[in-house]
>>> print(open('protein.tsv').read())   # TSV, C-alpha atoms
chain	number	residue	atom	x	y	z
A	1	MET	CA	0.00	0.00	0.00
A	2	SER	CA	1.40	3.39	-0.97
A	3	ARG	CA	1.60	6.40	1.31
A	4	ARG	CA	-1.06	8.25	-0.66
A	5	ASN	CA	-3.68	5.64	0.05
A	6	LYS	CA	-2.92	5.36	3.75
A	7	LYS	CA	-5.55	6.91	5.90
A	8	SER	CA	-4.16	9.03	8.66
A	9	ILE	CA	-5.21	7.93	12.07
A	10	PRO	CA	-6.31	10.91	14.15
A	11	GLU	CA	-4.53	11.18	17.46
A	12	LYS	CA	-6.66	11.16	20.54
A	13	ASN	CA	-6.23	14.09	22.87
A	14	SER	CA	-4.75	13.05	26.13
A	15	LYS	CA	-6.05	14.24	29.48
A	16	LYS	CA	-2.94	16.42	29.80
A	17	ASP	CA	-3.78	18.26	26.54
A	18	THR	CA	-7.35	18.85	27.65
A	19	VAL	CA	-6.26	20.27	31.01
A	20	ALA	CA	-3.68	22.50	29.29
A	21	PHE	CA	-6.35	23.81	26.93
A	22	ILE	CA	-8.75	24.57	29.80
A	23	VAL	CA	-6.01	26.40	31.73
A	24	LYS	CA	-5.16	28.49	28.65
A	25	VAL	CA	-8.79	29.46	28.08
A	26	ILE	CA	-9.28	30.43	31.73
A	27	SER	CA	-6.05	32.46	31.79
A	28	ILE	CA	-7.02	34.33	28.60
A	29	ILE	CA	-10.45	35.19	30.03
A	30	LEU	CA	-8.82	36.29	33.29
A	31	CYS	CA	-6.30	38.33	31.29
A	32	LEU	CA	-9.05	40.18	29.39
A	33	ALA	CA	-10.98	40.95	32.58
A	34	SER	CA	-7.75	42.10	34.26
A	35	PHE	CA	-6.85	44.32	31.31
A	36	ILE	CA	-10.22	46.09	31.44
A	37	TYR	CA	-9.91	46.49	35.22
A	38	VAL	CA	-6.36	47.92	34.96
A	39	ILE	CA	-7.28	50.43	32.25
A	40	ARG	CA	-10.36	51.57	34.17
A	41	HIS	CA	-8.54	52.03	37.48
A	42	TYR	CA	-5.48	53.68	35.96
A	43	HIS	CA	-7.58	56.30	34.18
A	44	ASN	CA	-10.22	56.93	36.83
A	45	PHE	CA	-9.24	56.07	40.38
A	46	VAL	CA	-5.60	55.45	41.31
A	47	ILE	CA	-2.85	58.03	41.09
A	48	VAL	CA	0.18	56.07	39.90
A	49	LYS	CA	2.77	56.77	37.23
A	50	PHE	CA	2.58	54.76	34.03
A	51	GLU	CA	6.27	53.81	34.30
A	52	PHE	CA	5.60	52.10	37.63
A	53	LEU	CA	2.84	49.98	36.08
A	54	LEU	CA	5.13	49.16	33.18
A	55	TYR	CA	7.77	47.89	35.63
A	56	ILE	CA	5.21	45.66	37.37
A	57	TYR	CA	4.05	44.39	34.00
A	58	LEU	CA	7.54	43.57	32.72
A	59	ILE	CA	8.97	42.11	35.92
A	60	ALA	CA	5.95	39.85	36.53
A	61	GLY	CA	5.92	38.72	32.89
A	62	VAL	CA	9.62	37.87	32.89
A	63	LEU	CA	9.44	36.07	36.26
A	64	PHE	CA	6.46	33.93	35.24
A	65	GLY	CA	8.07	33.36	31.83
A	66	LEU	CA	11.25	32.03	33.36
A	67	LEU	CA	9.26	29.96	35.85
A	68	PHE	CA	7.30	28.10	33.15
A	69	TYR	CA	9.95	28.14	30.39
A	70	LYS	CA	11.41	24.66	30.86
A	71	TYR	CA	8.00	23.03	31.22
A	72	GLN	CA	6.63	24.68	28.09
A	73	LYS	CA	9.77	23.89	26.07
A	74	ASN	CA	9.51	20.20	26.98
A	75	TYR	CA	5.77	20.19	26.30
A	76	GLU	CA	5.98	21.70	22.78
A	77	GLY	CA	9.24	20.05	21.75
A	78	LYS	CA	10.61	21.13	18.35
A	79	ASN	CA	7.70	23.52	17.69
A	80	PHE	CA	8.65	25.75	20.64
A	81	LYS	CA	9.17	29.42	19.77
A	82	SER	CA	10.71	31.51	22.56
A	83	GLY	CA	9.53	34.87	21.19
A	84	ASN	CA	5.89	33.87	20.96
A	85	TYR	CA	6.06	32.21	24.36
A	86	PHE	CA	7.48	35.26	26.17
A	87	ALA	CA	5.09	37.66	24.38
A	88	LEU	CA	2.08	35.62	25.48
A	89	ILE	CA	3.36	35.14	29.03
A	90	LEU	CA	4.17	38.86	29.29
A	91	LEU	CA	0.70	39.79	28.13
A	92	VAL	CA	-1.21	37.34	30.33
A	93	TYR	CA	0.75	37.36	33.59
A	94	GLY	CA	1.81	41.01	33.36
A	95	THR	CA	-1.82	42.10	33.07
A	96	ILE	CA	-2.98	39.80	35.87
A	97	SER	CA	-0.16	41.10	38.12
A	98	CYS	CA	-1.13	44.74	37.47
A	99	ALA	CA	-4.75	43.95	38.31
A	100	THR	CA	-3.63	42.20	41.50
A	101	PHE	CA	-1.61	45.31	42.41
A	102	PHE	CA	-4.69	47.54	41.99
A	103	LEU	CA	-6.96	45.13	43.90
A	104	ALA	CA	-4.51	44.89	46.81
A	105	ASN	CA	-4.02	48.67	46.86
A	106	GLU	CA	-7.75	49.27	47.12
A	107	TYR	CA	-9.16	46.43	49.19
A	108	LEU	CA	-6.35	45.87	51.70
A	109	SER	CA	-6.16	49.55	52.63
A	110	THR	CA	-7.11	50.49	56.17
A	111	ASN	CA	-6.25	54.18	55.89
A	112	THR	CA	-8.73	56.96	56.60
A	113	GLU	CA	-10.21	59.22	53.96
A	114	TYR	CA	-9.22	62.86	53.60
A	115	VAL	CA	-10.28	65.75	51.38
A	116	VAL	CA	-8.07	67.78	49.04
A	117	VAL	CA	-9.25	71.01	47.43
A	118	SER	CA	-7.40	71.66	44.19
A	119	PRO	CA	-7.77	74.36	41.53
A	120	ILE	CA	-9.02	73.12	38.18
A	121	LEU	CA	-6.16	73.58	35.73
A	122	GLU	CA	-8.00	72.57	32.54
A	123	LYS	CA	-11.53	71.60	31.54
A	124	HIS	CA	-12.21	69.20	28.68
A	125	GLU	CA	-15.55	68.82	26.94
A	126	SER	CA	-16.80	65.34	26.12
A	127	HIS	CA	-16.77	63.98	22.60
A	128	LYS	CA	-19.46	61.51	21.58
A	129	ARG	CA	-19.76	58.98	24.44
A	130	SER	CA	-16.75	60.01	26.55
A	131	PRO	CA	-17.36	61.93	29.80
A	132	ASN	CA	-16.34	65.51	30.55
A	133	SER	CA	-13.05	65.77	32.41
A	134	ILE	CA	-10.97	68.19	34.43
A	135	LEU	CA	-7.24	68.36	35.06
A	136	VAL	CA	-6.20	68.94	38.68
A	137	GLN	CA	-2.99	68.68	40.66
A	138	ILE	CA	-3.07	66.18	43.52
A	139	GLU	CA	-0.01	65.78	45.74
A	140	GLY	CA	2.30	67.10	43.04
A	141	THR	CA	0.88	64.93	40.24
A	142	LYS	CA	-1.38	66.23	37.48
A	143	LYS	CA	-4.38	63.95	37.10
A	144	GLU	CA	-7.25	64.02	34.63
A	145	ILE	CA	-10.51	63.13	36.37
A	146	ASN	CA	-13.68	62.16	34.53
A	147	ILE	CA	-16.75	64.08	35.71
A	148	HIS	CA	-20.00	62.22	35.06
A	149	ASN	CA	-22.49	64.20	37.15
A	150	TYR	CA	-22.01	67.59	35.48
A	151	ASP	CA	-22.40	68.75	31.89
A	152	PHE	CA	-19.75	71.03	30.40
A	153	LYS	CA	-21.74	74.27	30.92
A	154	GLU	CA	-21.86	73.53	34.65
A	155	ILE	CA	-18.18	72.57	34.77
A	156	SER	CA	-17.15	75.85	33.13
A	157	MET	CA	-18.65	77.78	36.10
A	158	TYR	CA	-16.51	75.98	38.71
A	159	ASN	CA	-12.90	76.84	39.62
A	160	PHE	CA	-12.02	74.23	42.25
A	161	ALA	CA	-12.50	70.53	42.83
A	162	GLU	CA	-13.01	68.89	46.22
A	163	ILE	CA	-11.54	65.40	45.95
A	164	LYS	CA	-12.05	62.70	48.58
A	165	ILE	CA	-8.93	60.51	48.68
A	166	LYS	CA	-7.79	57.45	50.61
A	167	ARG	CA	-4.25	56.08	50.79
A	168	GLY	CA	-4.09	52.58	49.39
A	169	TYR	CA	-2.30	49.55	50.80
A	170	TRP	CA	0.79	50.24	48.67
A	171	ASN	CA	0.55	53.93	49.67
A	172	PHE	CA	-0.81	55.11	46.30
A	173	PRO	CA	-3.74	57.55	46.57
A	174	ILE	CA	-7.20	56.33	45.50
A	175	ILE	CA	-9.78	58.88	44.33
A	176	LEU	CA	-13.11	58.08	45.95
A	177	GLU	CA	-15.29	61.07	45.04
A	178	THR	CA	-15.05	64.40	43.24
A	179	LYS	CA	-17.22	67.48	43.79
A	180	LEU	CA	-16.85	70.82	42.04
A	181	LEU	CA	-16.69	74.11	43.96
A	182	VAL	CA	-17.06	77.72	42.83
A	183	SER	CA	-14.42	79.03	45.24
A	184	LYS	CA	-12.33	77.79	48.14
>>> encode(input="protein.tsv", output="structure tokens")
Amino acid sequence: MSRRNKKSIPEKNSKKDTVAFIVKVISIILCLASFIYVIRHYHNFVIVKFEFLLYIYLIAGVLFGLLFYKYQKNYEGKNFKSGNYFALILLVYGTISCATFFLANEYLSTNTEYVVVSPILEKHESHKRSPNSILVQIEGTKKEINIHNYDFKEISMYNFAEIKIKRGYWNFPIILETKLLVSK
């Protein structure tokens, strides 16, 4: 019988392959949820520099990548590609680590709330579905805060913002509430 006429016998998936597939699907779903959570908290609630988040992202991705490298290389064999592996690990575990940082900062905090009154440096009108925003200076850092409860005509009358803040577990400020004031 020639090779052309041979029917290929499909390989049965082992239990190990099925478990690996389930773990990958769960980690991708967790990664997407973490990514949305990180973007939302970075832009709206926590005052942290982008470089700091980038360091968390890179360090966690590299550590998890090195931790699972040998296992994944043995699992894939000759088809293993280091670049694709580290890109995926960096994306998944870096994002999950950043989300864990934000969750710990917010929910493990036992600090009391305090109020900061800051002048409004800039006012930005919303475009399409985005909210109006103001730019204020909080503890030496300029932060753009989305304002949902006011339309732009109302915002243009106010000069100051009263911002309720709480120190997080990692000592990064968390914005709890924002009210606009006419004067100090």
>>> atom_distance(input="protein.tsv", atom1="CA of Ile165 (chain A)", atom2="CA of Phe102 (chain A)")
15.2 Å
>>> axis_aligned_box(input="protein.tsv", around="region 109-117 of chain A", padding_each_side="4 Å", output="lines of an AutoDock Vina configuration file")
center_x = -8.2
center_y = 60.3
center_z = 52.0
size_x = 12.1
size_y = 29.5
size_z = 17.2
>>> atom_distance(input="protein.tsv", atom1="CA of Pro119 (chain A)", atom2="CA of Arg167 (chain A)")
20.8 Å
>>> residues_around(input="protein.tsv", residues="Thr141 (chain A)", least_positions_apart="4", cutoff="9 Å", atoms="all atoms listed in the file", output="short mmCIF file (atom, residue, chain, number, x, y, z; two decimals) with C-alpha atoms, in the frame of the given file")
data_model
loop_
_atom_site.label_atom_id
_atom_site.label_comp_id
_atom_site.auth_asym_id
_atom_site.auth_seq_id
_atom_site.Cartn_x
_atom_site.Cartn_y
_atom_site.Cartn_z
CA ILE A 47 -2.85 58.03 41.09
CA VAL A 48 0.18 56.07 39.90
CA LYS A 49 2.77 56.77 37.23
CA VAL A 136 -6.20 68.94 38.68
CA GLN A 137 -2.99 68.68 40.66
#
>>> residues_around(input="protein.tsv", residues="Phe80 (chain A)", least_positions_apart="6", cutoff="12 Å", atoms="all atoms listed in the file", output="list in words")
Tyr69, Lys70, Tyr71, Gln72, Lys73, Asn74 and Phe86 of chain A
>>> closest_residue(input="protein.tsv", among="A:Met157, A:Ile163, A:Ala33, A:Leu58", to="Ser183 (chain A)", atoms="all atoms listed in the file")
A:Met157
>>> closest_residue(input="protein.tsv", among="A:Trp170, A:Phe50, A:Phe152, A:Phe160", to="His127 (chain A)", atoms="all atoms listed in the file")
A:Phe152
>>> closest_residue(input="protein.tsv", among="A:Leu88, A:Ile120, A:Leu54, A:Val62", to="Thr178 (chain A)", atoms="all atoms listed in the file")
A:Ile120
>>> closest_residue(input="protein.tsv", among="A:Gly65, A:Pro131, A:Gly168, A:Pro173", to="Leu90 (chain A)", atoms="only C-alpha atoms")
A:Gly65
>>> atom_distance(input="protein.tsv", atom1="CA of Ile134 (chain A)", atom2="CA of Ala99 (chain A)")
25.3 Å
>>> residues_around(input="protein.tsv", residues="Tyr169 (chain A)", least_positions_apart="2", cutoff="10 Å", atoms="only C-alpha atoms", output="PyMOL selection string")
chain A and resi 101-111+166-167+171-174
>>> write_last_selection(input="protein.tsv", atoms="C-alpha atoms", output="compact mmCIF listing (two decimals), in the frame of the given file")
# COMPACT_ATOMS: atom_id res chain seq x y z
CA PHE A 101 -1.61 45.31 42.41
CA PHE A 102 -4.69 47.54 41.99
CA LEU A 103 -6.96 45.13 43.90
CA ALA A 104 -4.51 44.89 46.81
CA ASN A 105 -4.02 48.67 46.86
CA GLU A 106 -7.75 49.27 47.12
CA TYR A 107 -9.16 46.43 49.19
CA LEU A 108 -6.35 45.87 51.70
CA SER A 109 -6.16 49.55 52.63
CA THR A 110 -7.11 50.49 56.17
CA ASN A 111 -6.25 54.18 55.89
CA LYS A 166 -7.79 57.45 50.61
CA ARG A 167 -4.25 56.08 50.79
CA ASN A 171 0.55 53.93 49.67
CA PHE A 172 -0.81 55.11 46.30
CA PRO A 173 -3.74 57.55 46.57
CA ILE A 174 -7.20 56.33 45.50
>>> residues_around(input="protein.tsv", residues="Phe45 (chain A)", least_positions_apart="2", cutoff="9 Å", atoms="all atoms listed in the file", output="list in words")
Arg40, His41, Tyr42, His43, Ile47, Ile145, Pro173, Ile174, Ile175 and Leu176 of chain A
>>> closest_residue(input="protein.tsv", among="A:Leu67, A:Val116, A:Ser14, A:Tyr37", to="Gly140 (chain A)", atoms="all atoms listed in the file")
A:Val116
>>> residues_around(input="protein.tsv", residues="Ser130 (chain A)", least_positions_apart="2", cutoff="12 Å", atoms="only C-alpha atoms", output="list in words")
His124, Glu125, Ser126, His127, Lys128, Asn132, Ser133, Asn146, Ile147, His148 and Asp151 of chain A
>>> write_last_selection(input="protein.tsv", atoms="C-alpha atoms", output="CSV table (one decimal), in the coordinates of the input")
chain,number,residue,atom,x,y,z
A,124,HIS,CA,-12.2,69.2,28.7
A,125,GLU,CA,-15.6,68.8,26.9
A,126,SER,CA,-16.8,65.3,26.1
A,127,HIS,CA,-16.8,64.0,22.6
A,128,LYS,CA,-19.5,61.5,21.6
A,132,ASN,CA,-16.3,65.5,30.6
A,133,SER,CA,-13.0,65.8,32.4
A,146,ASN,CA,-13.7,62.2,34.5
A,147,ILE,CA,-16.8,64.1,35.7
A,148,HIS,CA,-20.0,62.2,35.1
A,151,ASP,CA,-22.4,68.8,31.9
>>> closest_residue(input="protein.tsv", among="A:Val38, A:Leu66, A:Ser156, A:Val19", to="Leu53 (chain A)", atoms="only C-alpha atoms")
A:Val38
>>> residues_near_point(input="protein.tsv", point="(-8.7, 35.3, 32.9)", cutoff="12 Å", atoms="only C-alpha atoms", output="PDB file with C-alpha atoms, keeping the file's coordinate frame")
ATOM      1  CA  ILE A  22      -8.750  24.570  29.800  1.00  0.00           C
ATOM      2  CA  VAL A  23      -6.010  26.400  31.730  1.00  0.00           C
ATOM      3  CA  LYS A  24      -5.160  28.490  28.650  1.00  0.00           C
ATOM      4  CA  VAL A  25      -8.790  29.460  28.080  1.00  0.00           C
ATOM      5  CA  ILE A  26      -9.280  30.430  31.730  1.00  0.00           C
ATOM      6  CA  SER A  27      -6.050  32.460  31.790  1.00  0.00           C
ATOM      7  CA  ILE A  28      -7.020  34.330  28.600  1.00  0.00           C
ATOM      8  CA  ILE A  29     -10.450  35.190  30.030  1.00  0.00           C
ATOM      9  CA  LEU A  30      -8.820  36.290  33.290  1.00  0.00           C
ATOM     10  CA  CYS A  31      -6.300  38.330  31.290  1.00  0.00           C
ATOM     11  CA  LEU A  32      -9.050  40.180  29.390  1.00  0.00           C
ATOM     12  CA  ALA A  33     -10.980  40.950  32.580  1.00  0.00           C
ATOM     13  CA  SER A  34      -7.750  42.100  34.260  1.00  0.00           C
ATOM     14  CA  PHE A  35      -6.850  44.320  31.310  1.00  0.00           C
ATOM     15  CA  ILE A  36     -10.220  46.090  31.440  1.00  0.00           C
ATOM     16  CA  TYR A  37      -9.910  46.490  35.220  1.00  0.00           C
ATOM     17  CA  LEU A  91       0.700  39.790  28.130  1.00  0.00           C
ATOM     18  CA  VAL A  92      -1.210  37.340  30.330  1.00  0.00           C
ATOM     19  CA  TYR A  93       0.750  37.360  33.590  1.00  0.00           C
ATOM     20  CA  GLY A  94       1.810  41.010  33.360  1.00  0.00           C
ATOM     21  CA  THR A  95      -1.820  42.100  33.070  1.00  0.00           C
ATOM     22  CA  ILE A  96      -2.980  39.800  35.870  1.00  0.00           C
ATOM     23  CA  SER A  97      -0.160  41.100  38.120  1.00  0.00           C
ATOM     24  CA  ALA A  99      -4.750  43.950  38.310  1.00  0.00           C
TER      25      ALA A  99
END
